[in-house]
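Undergrad: Okay, so here is protein-v4.cif, and as you'll see once you scroll down, it has mmCIF, C-alpha atoms.
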data_structure
loop_
_atom_site.label_atom_id
_atom_site.label_comp_id
_atom_site.auth_asym_id
_atom_site.auth_seq_id
_atom_site.Cartn_x
_atom_site.Cartn_y
_atom_site.Cartn_z
CA MET S 1 120.89 31.20 17.85
CA ASN S 2 122.66 28.26 16.23
CA GLY S 3 126.22 27.55 17.23
CA PHE S 4 128.39 27.85 20.28
CA ALA S 5 128.24 30.83 22.61
CA GLY S 6 129.34 31.96 26.03
CA GLU S 7 127.60 34.53 28.20
CA ASP S 8 129.25 36.54 30.96
CA LEU S 9 131.86 33.92 31.73
CA VAL S 10 134.03 34.47 34.77
CA CYS S 11 137.04 32.27 35.35
CA GLU S 12 139.00 31.91 38.55
CA ARG S 13 142.37 30.20 38.91
CA GLY S 14 144.04 29.97 42.28
CA ALA S 15 141.91 32.71 43.89
CA ARG S 16 142.67 35.08 41.00
CA ILE S 17 140.06 36.20 38.50
CA VAL S 18 141.64 35.45 35.11
CA PHE S 19 138.92 36.95 32.94
CA THR S 20 135.51 38.35 33.66
CA ARG S 21 132.25 38.99 31.81
CA LEU S 22 133.58 37.30 28.72
CA ARG S 23 131.14 36.85 25.86
CA PHE S 24 131.57 35.12 22.55
CA ALA S 25 129.44 33.56 19.85
CA VAL S 26 130.47 31.41 16.90
CA GLY S 27 128.05 30.26 14.23
CA LEU S 28 128.20 26.96 12.36
CA GLY S 29 131.27 26.80 10.15
CA GLY S 30 132.82 29.65 12.07
CA ALA S 31 136.24 30.07 13.59
CA LEU S 32 137.11 31.90 16.77
CA VAL S 33 140.73 32.79 17.40
CA LEU S 34 141.78 33.47 20.98
CA VAL S 35 144.61 35.95 21.29
CA GLY S 36 146.18 37.63 24.26
CA PRO S 37 149.42 37.65 26.23
CA ASN S 38 150.66 34.67 28.26
CA GLY S 39 148.54 34.12 31.33
CA SER S 40 145.56 35.98 29.95
CA GLY S 41 143.43 32.84 30.18
CA LYS S 42 143.38 31.35 26.68
CA SER S 43 143.96 27.83 27.94
CA SER S 44 141.58 28.35 30.85
CA LEU S 45 138.88 29.52 28.46
CA LEU S 46 139.41 26.46 26.23
CA ARG S 47 139.26 24.16 29.26
CA THR S 48 136.09 25.93 30.36
CA MET S 49 134.62 25.47 26.89
CA ALA S 50 135.48 21.77 27.05
CA GLY S 51 133.76 21.45 30.41
CA LEU S 52 136.90 20.52 32.35
CA LEU S 53 136.75 23.75 34.28
CA ALA S 54 133.51 25.07 35.71
CA PRO S 55 133.11 28.83 35.21
CA LEU S 56 132.67 30.85 38.38
CA ALA S 57 129.72 32.55 36.71
CA GLY S 58 128.08 32.66 33.30
CA ARG S 59 127.10 29.86 30.98
CA LEU S 60 127.99 28.16 27.73
CA THR S 61 125.31 27.38 25.20
CA TRP S 62 125.07 25.18 22.14
CA ASP S 63 122.21 26.08 19.80
CA GLY S 64 120.84 28.16 22.64
CA ALA S 65 120.73 25.35 25.22
CA ASP S 66 122.99 25.32 28.27
CA VAL S 67 125.70 22.69 27.72
CA ARG S 68 125.58 21.65 31.36
CA GLY S 69 122.09 20.32 30.70
CA ASP S 70 123.59 17.40 28.78
CA PRO S 71 127.34 17.14 29.38
CA PHE S 72 127.70 13.87 27.45
CA ALA S 73 126.19 15.40 24.33
CA HIS S 74 128.72 18.22 24.71
CA HIS S 75 131.62 15.81 25.21
CA GLN S 76 130.50 13.89 22.18
CA ARG S 77 130.44 16.90 19.91
CA LEU S 78 133.82 18.26 20.90
CA ARG S 79 137.47 17.36 20.33
CA PHE S 80 140.02 18.98 22.59
CA VAL S 81 143.72 19.32 21.78
CA ALA S 82 145.72 20.70 24.70
CA HIS S 83 149.44 21.21 25.22
CA THR S 84 149.85 17.64 26.40
CA ASP S 85 149.83 14.99 23.71
CA ALA S 86 148.11 12.13 25.59
CA MET S 87 150.18 9.59 23.70
CA LYS S 88 151.84 6.56 25.27
CA PRO S 89 155.51 6.23 24.28
CA THR S 90 155.45 2.44 24.23
CA LEU S 91 152.45 2.14 21.92
CA THR S 92 152.78 2.59 18.17
CA ALA S 93 151.24 5.61 16.48
CA ILE S 94 148.23 3.69 15.28
CA GLU S 95 147.72 1.89 18.60
CA ASN S 96 147.64 5.25 20.29
CA LEU S 97 144.90 6.43 17.96
CA ARG S 98 142.79 3.28 18.29
CA LEU S 99 141.56 4.06 21.79
CA TRP S 100 140.36 7.50 20.73
CA ALA S 101 138.75 5.98 17.65
CA ALA S 102 136.90 3.49 19.83
CA LEU S 103 135.75 6.24 22.18
CA ALA S 104 134.64 8.43 19.29
CA VAL S 105 132.39 5.77 17.83
CA SER S 106 131.13 3.88 20.80
CA ILE S 107 128.17 6.05 21.69
CA ASP S 108 126.69 7.22 18.44
CA GLU S 109 127.15 4.69 15.67
CA ARG S 110 125.71 7.07 13.11
CA SER S 111 128.44 9.64 13.50
CA THR S 112 131.32 7.25 12.88
CA GLY S 113 132.08 8.33 9.35
CA GLU S 114 133.20 5.75 6.83
CA GLY S 115 135.11 2.56 7.40
CA ASN S 116 136.03 0.65 10.49
CA ALA S 117 138.22 1.95 13.26
CA ASP S 118 141.44 0.79 11.63
CA THR S 119 140.75 2.47 8.29
CA ARG S 120 139.75 5.67 10.02
CA CYS S 121 142.96 5.65 12.05
CA ARG S 122 145.01 5.17 8.87
CA HIS S 123 143.12 7.96 7.08
CA ALA S 124 143.75 10.30 9.99
CA LEU S 125 147.46 9.41 10.04
CA ALA S 126 147.72 9.93 6.28
CA ALA S 127 146.03 13.32 6.52
CA PHE S 128 148.86 14.46 8.78
CA GLY S 129 151.59 12.77 6.74
CA LEU S 130 152.26 9.99 9.24
CA ALA S 131 151.14 7.02 7.13
CA ALA S 132 154.65 5.59 6.98
CA LEU S 133 155.07 5.85 10.75
CA ALA S 134 151.90 4.00 11.74
CA GLU S 135 153.77 1.06 13.27
CA VAL S 136 156.51 3.10 14.95
CA PRO S 137 156.34 3.41 18.76
CA ALA S 138 155.48 6.96 19.75
CA ARG S 139 158.70 7.35 21.76
CA TYR S 140 160.70 7.42 18.49
CA LEU S 141 158.63 10.28 17.07
CA SER S 142 159.99 13.82 17.07
CA ALA S 143 158.13 16.63 18.84
CA GLY S 144 156.57 17.75 15.55
CA GLN S 145 155.55 14.21 14.64
CA ARG S 146 153.98 13.72 18.07
CA ARG S 147 152.06 16.94 17.54
CA ARG S 148 150.80 15.64 14.19
CA LEU S 149 149.76 12.40 15.85
CA THR S 150 147.83 14.35 18.50
CA LEU S 151 146.11 16.39 15.81
CA ALA S 152 145.26 13.24 13.85
CA ARG S 153 142.88 12.48 16.72
CA LEU S 154 140.65 15.26 15.38
CA LEU S 155 139.97 13.35 12.18
CA LEU S 156 138.97 9.98 13.64
CA ALA S 157 135.28 10.77 13.50
CA PRO S 158 133.33 13.85 12.48
CA SER S 159 132.60 16.19 15.35
CA ARG S 160 131.01 19.60 15.63
CA LEU S 161 133.45 21.56 17.75
CA TRP S 162 137.24 21.61 17.78
CA LEU S 163 139.01 23.26 20.70
CA LEU S 164 142.69 23.69 19.86
CA ASP S 165 145.25 25.13 22.25
CA GLU S 166 148.16 26.53 20.20
CA PRO S 167 147.94 23.69 17.70
CA ARG S 168 150.87 24.90 15.61
CA THR S 169 153.41 24.37 18.39
CA ALA S 170 156.35 22.31 17.05
CA LEU S 171 154.78 21.93 13.60
CA ASP S 172 156.82 22.62 10.47
CA SER S 173 155.31 24.49 7.51
CA ASP S 174 154.02 21.25 5.96
CA GLY S 175 152.40 20.26 9.26
CA ALA S 176 150.83 23.69 9.65
CA ALA S 177 149.49 23.52 6.09
CA ARG S 178 147.95 20.12 6.79
CA LEU S 179 146.38 21.50 9.95
CA ASP S 180 144.96 24.47 8.06
CA ALA S 181 143.53 22.13 5.42
CA ALA S 182 141.92 19.98 8.13
CA VAL S 183 140.44 23.05 9.83
CA ALA S 184 139.09 24.34 6.50
CA ALA S 185 137.49 20.98 5.70
CA HIS S 186 136.00 20.81 9.20
CA ARG S 187 134.44 24.26 8.78
CA GLN S 188 133.19 23.40 5.31
CA GLY S 189 131.17 20.63 6.92
CA GLY S 190 129.60 23.09 9.35
CA GLY S 191 132.06 22.45 12.16
CA ILE S 192 133.15 25.14 14.57
CA VAL S 193 136.75 25.68 15.57
CA VAL S 194 138.05 27.66 18.53
CA MET S 195 141.82 28.00 18.64
CA ALA S 196 144.37 29.83 20.72
CA LEU S 197 147.09 31.18 18.43
CA HIS S 198 150.20 33.27 18.73
CA GLY S 199 150.44 34.92 15.35
CA GLY S 200 149.04 34.09 11.94
CA PRO S 201 148.19 32.96 9.44
CA TYR S 202 144.65 33.02 10.75
CA PRO S 203 141.76 31.02 9.27
CA ASP S 204 139.63 32.84 6.68
CA GLY S 205 136.80 34.85 8.13
CA ALA S 206 137.85 34.14 11.68
CA ARG S 207 136.54 36.19 14.56
CA PHE S 208 139.02 37.32 17.17
CA LEU S 209 138.67 37.34 20.90
CA ASP S 210 141.38 39.26 22.72
CA LEU S 211 141.45 38.04 26.29
CA ALA S 212 143.29 41.14 27.42
CA ASP S 213 139.97 43.00 26.96
CA TYR S 214 138.35 40.91 29.67
CA ARG S 215 140.98 41.15 32.35
CA ALA S 216 139.44 41.76 35.75
CA ALA S 217 139.93 45.27 37.08
CA ALA S 218 142.43 45.21 39.91
CA THR S 219 140.57 45.31 43.19
CA CYS S 220 141.73 45.81 46.78
CA MET O 1 129.55 2.17 26.45
CA LEU O 2 130.72 -1.41 26.88
CA THR O 3 132.82 -1.19 23.72
CA ALA O 4 134.45 1.98 25.01
CA ALA O 5 135.12 0.46 28.44
CA LEU O 6 136.63 -2.61 26.78
CA ALA O 7 138.81 -0.40 24.58
CA ILE O 8 140.13 1.36 27.69
CA ALA O 9 140.80 -1.92 29.51
CA GLY O 10 142.39 -3.39 26.37
CA ARG O 11 144.76 -0.48 26.14
CA GLU O 12 145.78 -0.95 29.78
CA PHE O 13 146.68 -4.59 29.05
CA ARG O 14 148.63 -3.63 25.95
CA LEU O 15 150.54 -0.99 27.89
CA ALA O 16 151.29 -3.49 30.67
CA VAL O 17 152.67 -5.99 28.16
CA ARG O 18 154.80 -3.33 26.46
CA GLN O 19 156.16 -2.04 29.73
CA GLY O 20 157.11 -5.57 30.75
CA PHE O 21 159.05 -5.28 33.97
CA ASP O 22 156.90 -2.43 35.30
CA SER O 23 153.92 -4.74 35.54
CA LEU O 24 155.92 -7.54 37.14
CA LEU O 25 157.29 -5.22 39.80
CA ALA O 26 154.40 -5.86 42.19
CA VAL O 27 154.69 -9.63 42.06
CA VAL O 28 158.49 -9.53 42.37
CA PHE O 29 158.08 -7.36 45.46
CA PHE O 30 155.46 -9.78 46.81
CA VAL O 31 157.83 -12.75 46.46
CA LEU O 32 160.81 -10.90 47.93
CA ALA O 33 158.86 -9.59 50.92
CA CYS O 34 157.60 -13.11 51.75
CA VAL O 35 161.04 -14.65 51.32
CA LEU O 36 162.54 -12.15 53.78
CA PHE O 37 160.43 -13.45 56.69
CA PRO O 38 162.18 -16.80 57.22
CA PHE O 39 165.44 -14.83 57.48
CA GLY O 40 163.88 -12.44 59.95
CA VAL O 41 161.96 -14.74 62.28
CA GLY O 42 164.19 -17.80 61.90
CA PRO O 43 163.60 -21.05 60.02
CA GLU O 44 161.39 -22.63 62.74
CA PRO O 45 158.70 -24.43 60.65
CA ALA O 46 156.00 -24.26 63.34
CA VAL O 47 156.39 -20.49 63.74
CA LEU O 48 156.46 -19.85 60.00
CA ALA O 49 153.43 -22.05 59.38
CA ARG O 50 151.53 -20.18 62.08
CA ILE O 51 152.26 -16.72 60.70
CA ALA O 52 152.23 -17.66 56.99
CA PRO O 53 148.69 -16.33 56.30
CA GLY O 54 149.59 -12.98 57.80
CA ILE O 55 152.86 -12.77 55.89
CA VAL O 56 151.28 -13.57 52.55
CA TRP O 57 148.39 -11.18 53.10
CA VAL O 58 150.50 -8.24 54.31
CA ALA O 59 152.90 -8.75 51.42
CA ALA O 60 149.99 -8.88 48.95
CA LEU O 61 148.62 -5.68 50.42
CA LEU O 62 151.93 -3.84 50.11
CA ALA O 63 152.48 -5.19 46.60
CA THR O 64 149.08 -3.81 45.57
CA LEU O 65 149.97 -0.48 47.12
CA LEU O 66 153.21 -0.43 45.14
CA SER O 67 151.33 -0.90 41.87
CA LEU O 68 148.81 1.87 42.52
CA ASP O 69 150.91 4.92 41.70
CA ARG O 70 150.87 4.03 38.01
CA LEU O 71 147.11 3.65 37.92
CA PHE O 72 146.29 7.30 37.17
CA GLN O 73 149.55 9.22 37.54
CA THR O 74 151.00 8.68 34.05
CA ASP O 75 147.63 9.33 32.43
CA TYR O 76 147.33 12.49 34.49
CA ASP O 77 150.80 13.69 33.50
CA ASP O 78 150.43 13.15 29.77
CA GLY O 79 146.89 14.51 29.46
CA THR O 80 145.19 11.17 28.76
CA LEU O 81 143.05 11.46 31.85
CA GLU O 82 141.78 14.84 30.68
CA LEU O 83 140.66 13.36 27.38
CA LEU O 84 139.11 10.35 29.08
CA ALA O 85 137.12 12.77 31.24
CA LEU O 86 135.85 14.30 27.99
CA ALA O 87 134.95 10.96 26.43
CA PRO O 88 131.25 10.52 25.84
CA LEU O 89 130.89 7.97 28.63
CA PRO O 90 130.68 8.51 32.38
CA LEU O 91 134.03 8.92 34.10
CA THR O 92 132.81 6.30 36.57
CA ALA O 93 132.80 3.75 33.72
CA VAL O 94 136.29 4.82 32.66
CA VAL O 95 137.49 4.34 36.24
CA ALA O 96 135.76 0.96 36.52
CA ALA O 97 137.46 -0.23 33.33
CA LYS O 98 140.88 0.94 34.46
CA VAL O 99 140.52 -0.53 37.94
CA ALA O 100 139.27 -3.86 36.59
CA ALA O 101 142.30 -4.03 34.30
CA HIS O 102 144.59 -3.07 37.17
CA TRP O 103 143.11 -5.78 39.35
CA MET O 104 143.56 -8.49 36.74
CA MET O 105 147.14 -7.46 36.11
CA THR O 106 148.22 -7.24 39.75
CA ALA O 107 146.03 -9.86 41.46
CA GLY O 108 146.56 -12.43 38.68
CA PRO O 109 150.33 -12.75 39.20
CA LEU O 110 149.85 -12.61 43.01
CA LEU O 111 147.41 -15.52 42.85
CA ILE O 112 149.91 -17.55 40.84
CA ALA O 113 152.79 -16.76 43.19
CA ALA O 114 150.85 -17.19 46.45
CA PRO O 115 150.72 -21.03 46.55
CA LEU O 116 154.47 -21.25 45.99
CA LEU O 117 155.12 -18.83 48.82
CA ALA O 118 152.65 -20.64 51.08
CA LEU O 119 154.57 -23.83 50.34
CA LEU O 120 157.85 -22.10 51.16
CA LEU O 121 156.45 -20.90 54.50
CA GLY O 122 155.05 -24.33 55.30
CA LEU O 123 151.37 -23.35 55.43
CA ALA O 124 149.09 -26.31 56.23
CA ALA O 125 147.94 -27.97 53.01
CA ASP O 126 144.29 -27.67 54.08
CA ALA O 127 144.60 -23.89 54.05
CA PHE O 128 145.79 -23.53 50.45
CA PRO O 129 142.34 -23.33 48.85
CA ALA O 130 141.27 -20.84 51.51
CA LEU O 131 144.35 -18.67 50.87
CA LEU O 132 143.62 -18.54 47.15
CA ALA O 133 139.93 -17.89 47.75
CA THR O 134 140.62 -15.03 50.17
CA LEU O 135 143.11 -13.44 47.79
CA ALA O 136 140.71 -13.77 44.86
CA LEU O 137 137.82 -12.28 46.86
CA GLY O 138 139.80 -9.66 48.78
CA THR O 139 142.10 -8.16 46.15
CA PRO O 140 139.26 -6.47 44.23
CA ALA O 141 138.60 -4.40 47.35
CA LEU O 142 142.31 -3.54 47.53
CA SER O 143 142.33 -2.32 43.92
CA VAL O 144 139.12 -0.34 44.23
CA ILE O 145 139.97 1.34 47.55
CA GLY O 146 143.50 1.95 46.29
CA ALA O 147 142.10 3.70 43.21
CA ILE O 148 140.30 6.23 45.40
CA GLY O 149 143.59 7.04 47.12
CA ALA O 150 145.52 7.13 43.83
CA ALA O 151 143.01 9.64 42.44
CA LEU O 152 143.07 11.78 45.61
CA VAL O 153 146.86 12.18 45.59
CA LEU O 154 147.02 13.19 41.89
CA GLY O 155 149.16 16.28 41.58
CA ALA O 156 150.37 16.11 45.19
CA ARG O 157 154.03 16.20 46.15
CA ARG O 158 155.37 12.94 47.64
CA ALA O 159 152.26 11.26 46.31
CA GLY O 160 153.58 7.75 47.00
CA VAL O 161 154.03 8.28 50.74
CA LEU O 162 150.75 10.13 51.03
CA LEU O 163 149.00 7.29 49.21
CA ALA O 164 150.35 4.73 51.70
CA LEU O 165 149.23 6.80 54.67
CA LEU O 166 145.81 7.30 53.15
CA ILE O 167 145.13 3.77 52.00
CA LEU O 168 146.78 1.35 54.42
CA PRO O 169 144.34 2.04 57.31
CA LEU O 170 141.46 1.35 54.93
CA TYR O 171 142.98 -2.01 54.04
CA ILE O 172 142.77 -3.28 57.64
CA PRO O 173 139.29 -4.88 57.41
CA VAL O 174 140.28 -6.80 54.27
CA LEU O 175 143.47 -7.96 56.01
CA ILE O 176 141.60 -9.09 59.14
CA PHE O 177 139.03 -11.19 57.31
CA GLY O 178 141.54 -12.51 54.79
CA VAL O 179 143.90 -13.80 57.46
CA ALA O 180 141.06 -15.02 59.67
CA ALA O 181 139.73 -17.20 56.86
CA VAL O 182 143.10 -18.81 56.17
CA ASP O 183 143.70 -19.35 59.90
CA ALA O 184 140.26 -20.92 60.23
CA ALA O 185 141.04 -23.31 57.38
CA ALA O 186 144.41 -24.21 58.92
CA PHE O 187 142.70 -25.10 62.19
CA GLY O 188 139.93 -27.03 60.45
CA LEU O 189 137.20 -24.50 61.25
CA THR O 190 134.55 -23.19 58.88
CA VAL O 191 135.82 -20.67 56.32
CA ARG O 192 132.56 -19.64 54.70
CA PRO O 193 131.56 -16.67 56.93
CA HIS O 194 134.96 -15.02 56.47
CA LEU O 195 134.82 -15.50 52.73
CA MET O 196 131.34 -14.01 52.59
CA LEU O 197 132.46 -11.00 54.59
CA LEU O 198 135.42 -10.53 52.23
CA ALA O 199 133.15 -10.79 49.21
CA GLY O 200 130.83 -8.28 50.87
CA LEU O 201 133.71 -5.86 51.39
CA SER O 202 134.73 -6.18 47.76
CA LEU O 203 131.18 -5.66 46.53
CA ALA O 204 130.64 -2.62 48.74
CA ALA O 205 133.98 -1.19 47.58
CA ALA O 206 133.04 -1.84 43.94
CA VAL O 207 129.84 0.16 44.39
CA ILE O 208 131.31 3.09 46.32
CA GLY O 209 134.76 3.18 44.75
CA PRO O 210 134.37 4.15 41.07
CA PRO O 211 132.05 7.18 41.58
CA THR O 212 134.26 8.44 44.42
CA THR O 213 137.38 7.95 42.32
CA ALA O 214 135.76 9.74 39.39
CA ALA O 215 134.87 12.69 41.62
CA ALA O 216 138.46 12.86 42.92
CA ILE O 217 139.79 12.83 39.34
CA ARG O 218 137.44 15.66 38.36
CA LEU O 219 138.84 17.70 41.25
CA ALA O 220 142.40 16.96 40.19
CA LEU O 221 141.68 18.05 36.61
CA ARG O 222 140.46 21.49 37.60
#
Please re-express this file's structure in C-alpha cells.
TA:
Amino acid sequence: MNGFAGEDLVCERGARIVFTRLRFAVGLGGALVLVGPNGSGKSSLLRTMAGLLAPLAGRLTWDGADVRGDPFAHHQRLRFVAHTDAMKPTLTAIENLRLWAALAVSIDERSTGEGNADTRCRHALAAFGLAALAEVPARYLSAGQRRRLTLARLLLAPSRLWLLDEPRTALDSDGAARLDAAVAAHRQGGGIVVMALHGGPYPDGARFLDLADYRAAATC
Amino acid sequence: MLTAALAIAGREFRLAVRQGFDSLLAVVFFVLACVLFPFGVGPEPAVLARIAPGIVWVAALLATLLSLDRLFQTDYDDGTLELLALAPLPLTAVVAAKVAAHWMMTAGPLLIAAPLLALLLGLAADAFPALLATLALGTPALSVIGAIGAALVLGARRAGVLLALLILPLYIPVLIFGVAAVDAAAFGLTVRPHLMLLAGLSLAAAVIGPPTTAAAIRLALR
C-alpha cells in the first residue's frame, strides 16, 4: 500500500518494553495523532519512525518497502521536530535556518522548491510570523518564538513525512494556527504528518493511535 | 554532499567567530602552559632549549584536549546532532566536516603561537621549520582521535575527565614522533622519516576516525 506503515513494532528503553506489537498505517495526505499518558512511548515511537531508534522487532515501510533498505531516502523524505530546538543561541534566526536549508537541498536538487536558500529561509520565517526577527540572535527569542523558529525548519523544502513531537508546546494561539495551516498545506500536497499531541484541536480526518493500547503485559 | 559538508563546516566557523573567547581558549591555554615551564625548571637557557620541543608538543596536545569537549557536546545537548544524523548524507561525512573545521580552528592558532613560544624557550633556530611541520602534520591526528573520544563520552557524567583518560594514551605515538622530529632537526639530523611517520599517523587516523566517531554518535543518540 502507498504511504507510511509500521508492523508489529516493539520498542525497548532501558531494559523495559515500552510498547509491543504496535501497528499503524497512514496513507498519503493522512495524519496520525499519537495520544497516551506520559511515558507511554510517544516520543520513542517518533524516534523509531525517524530511524534514530532501532525497533527491537517489527519493521517500518514506505510504499510497502522496508525503510531500512534505503535509510538515506528515508532521511530525505522526513522532517523531525523533537522537544529540543537545535538552534544555536549566538546565531541569528535566519543563520540558524540556513544550515537546515542547505542540508535539505544538497542531495536532491529537484525537490528544493522555489527560490534560493535565502528566499526559502525568509518564506519559512514569514510563514511562522518571524519575518521581523530574521536578524535577531536566537538567544533573544522567547520560548514560543524559538518553537516557531524550530517549526519553520519544516517549510524549508517540501518533504513527504513530518514527525512532530508535541509541536504546540509554548506556542500561543496565533502560533498554533500557523502550525495548523502549515500542516493542512503539507497534507494537501500529499504529505503525511505524524504528531504526538496532548489535547486538541486535532487535524481534520486524523487517525488516532493510543499508545496505552500497546503497553506490554507485565511479566515476571 | 560536498555542499552539505561545507554548510556544516561553515556553520562551525561562524559559531566559533560568534563565541569569540571560547575558540581562543585553547590557544591561550597553550601559551600559558608553555610560559609556566621557565618558572618551573628555572631560566637556564641550555635546559629550556633542550626540552622546548617536548614542552611545546605536550602543551599543544593538552590544548587540543581542552577544545574537544565542545566538539559534539553542545550539539548533542540541543538536539542538533540528532538532526544531523537524520540529514540525507552519511554521518561519517558530517563528522569529517565538523572535525576538519575543529582542526582548522584549534591547530591554526597553535601554529601561529608555536614559533613565538619556541623563541621564548630558546629552541635552536634550525628546528623552527621542523616544529611547524610536525605540528601541521600531527595535529590532524589529534583532532580525529580526539573526536572518537568526544563522541564516546557523550552523555556520560564527568565527561571531561573521562575524555582525558581515554584519549591521552592514544596521543602518545603522535607525541613521540613529533618531538623526535624537532629534536632531530635541532641536532642537525634528518627529519624526513619522522615527518613521514607523523603524516602516516594522521592519514590512518583520518581513515579510521570518522566512521568510528559516527558509530559512537549513533550509540549515544539511542
Undergrad: Taking the file as shown, what set of residues would the PyMOL selection byres ((chain O) within 12 of (chain S)) give back, as a PyMOL selection string?
TA: chain O and resi 1-20+74-91+94+217-222
Undergrad: What would the selection look like, as a count of residues only, if the PyMOL selection byres ((chain S and resi 145) around 10) were run on the coordinates I just shared?
TA: 21
Undergrad: Can you work out the spacing between atom CA of S:Val193 and atom CA of S:Ala134 in Å, to one decimal?
TA: 26.7 Å
Undergrad: Which is closest to O:Val207 among O:Ala180, O:Val174, O:Ala141, O:Ala150, if we use only C-alpha atoms?
TA: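 Result for the nearest residue to O:Val207: O:Ala141.
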Undergrad: To one decimal in Å, tell me the separation between atom CA of O:Asp183 and atom CA of O:Trp57.
TA: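 These atoms are spaced 11.6 Å apart.
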Undergrad: Name the residues captured by the PyMOL selection byres ((chain O and resi 30) around 9) when it is applied to the shown file; answer as a list of chain:residue names.
TA: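 On the file shown, the PyMOL selection byres ((chain O and resi 30) around 9) covers O:Leu25, O:Ala26, O:Val27, O:Val28, O:Phe29, O:Val31, O:Leu32, O:Ala33, O:Cys34, O:Val35, O:Val56, O:Ala59, O:Ala60, O:Leu61, O:Leu62, O:Ala63, O:Thr64, O:Leu110, O:Ala113, O:Ala114.
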Undergrad: One decimal, Å: what's the distance from atom CA of S:Asp8 over to atom CA of S:Leu60, could you say?
TA: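 The value is 9.1 Å.
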Undergrad: Quick one: residues within 6 Å of stretch 132-139 of chain O, all atoms listed in the file, excluding same-chain residues fewer than 5 positions away - as a VMD selection string?
TA: chain O and resid 178 198 to 199
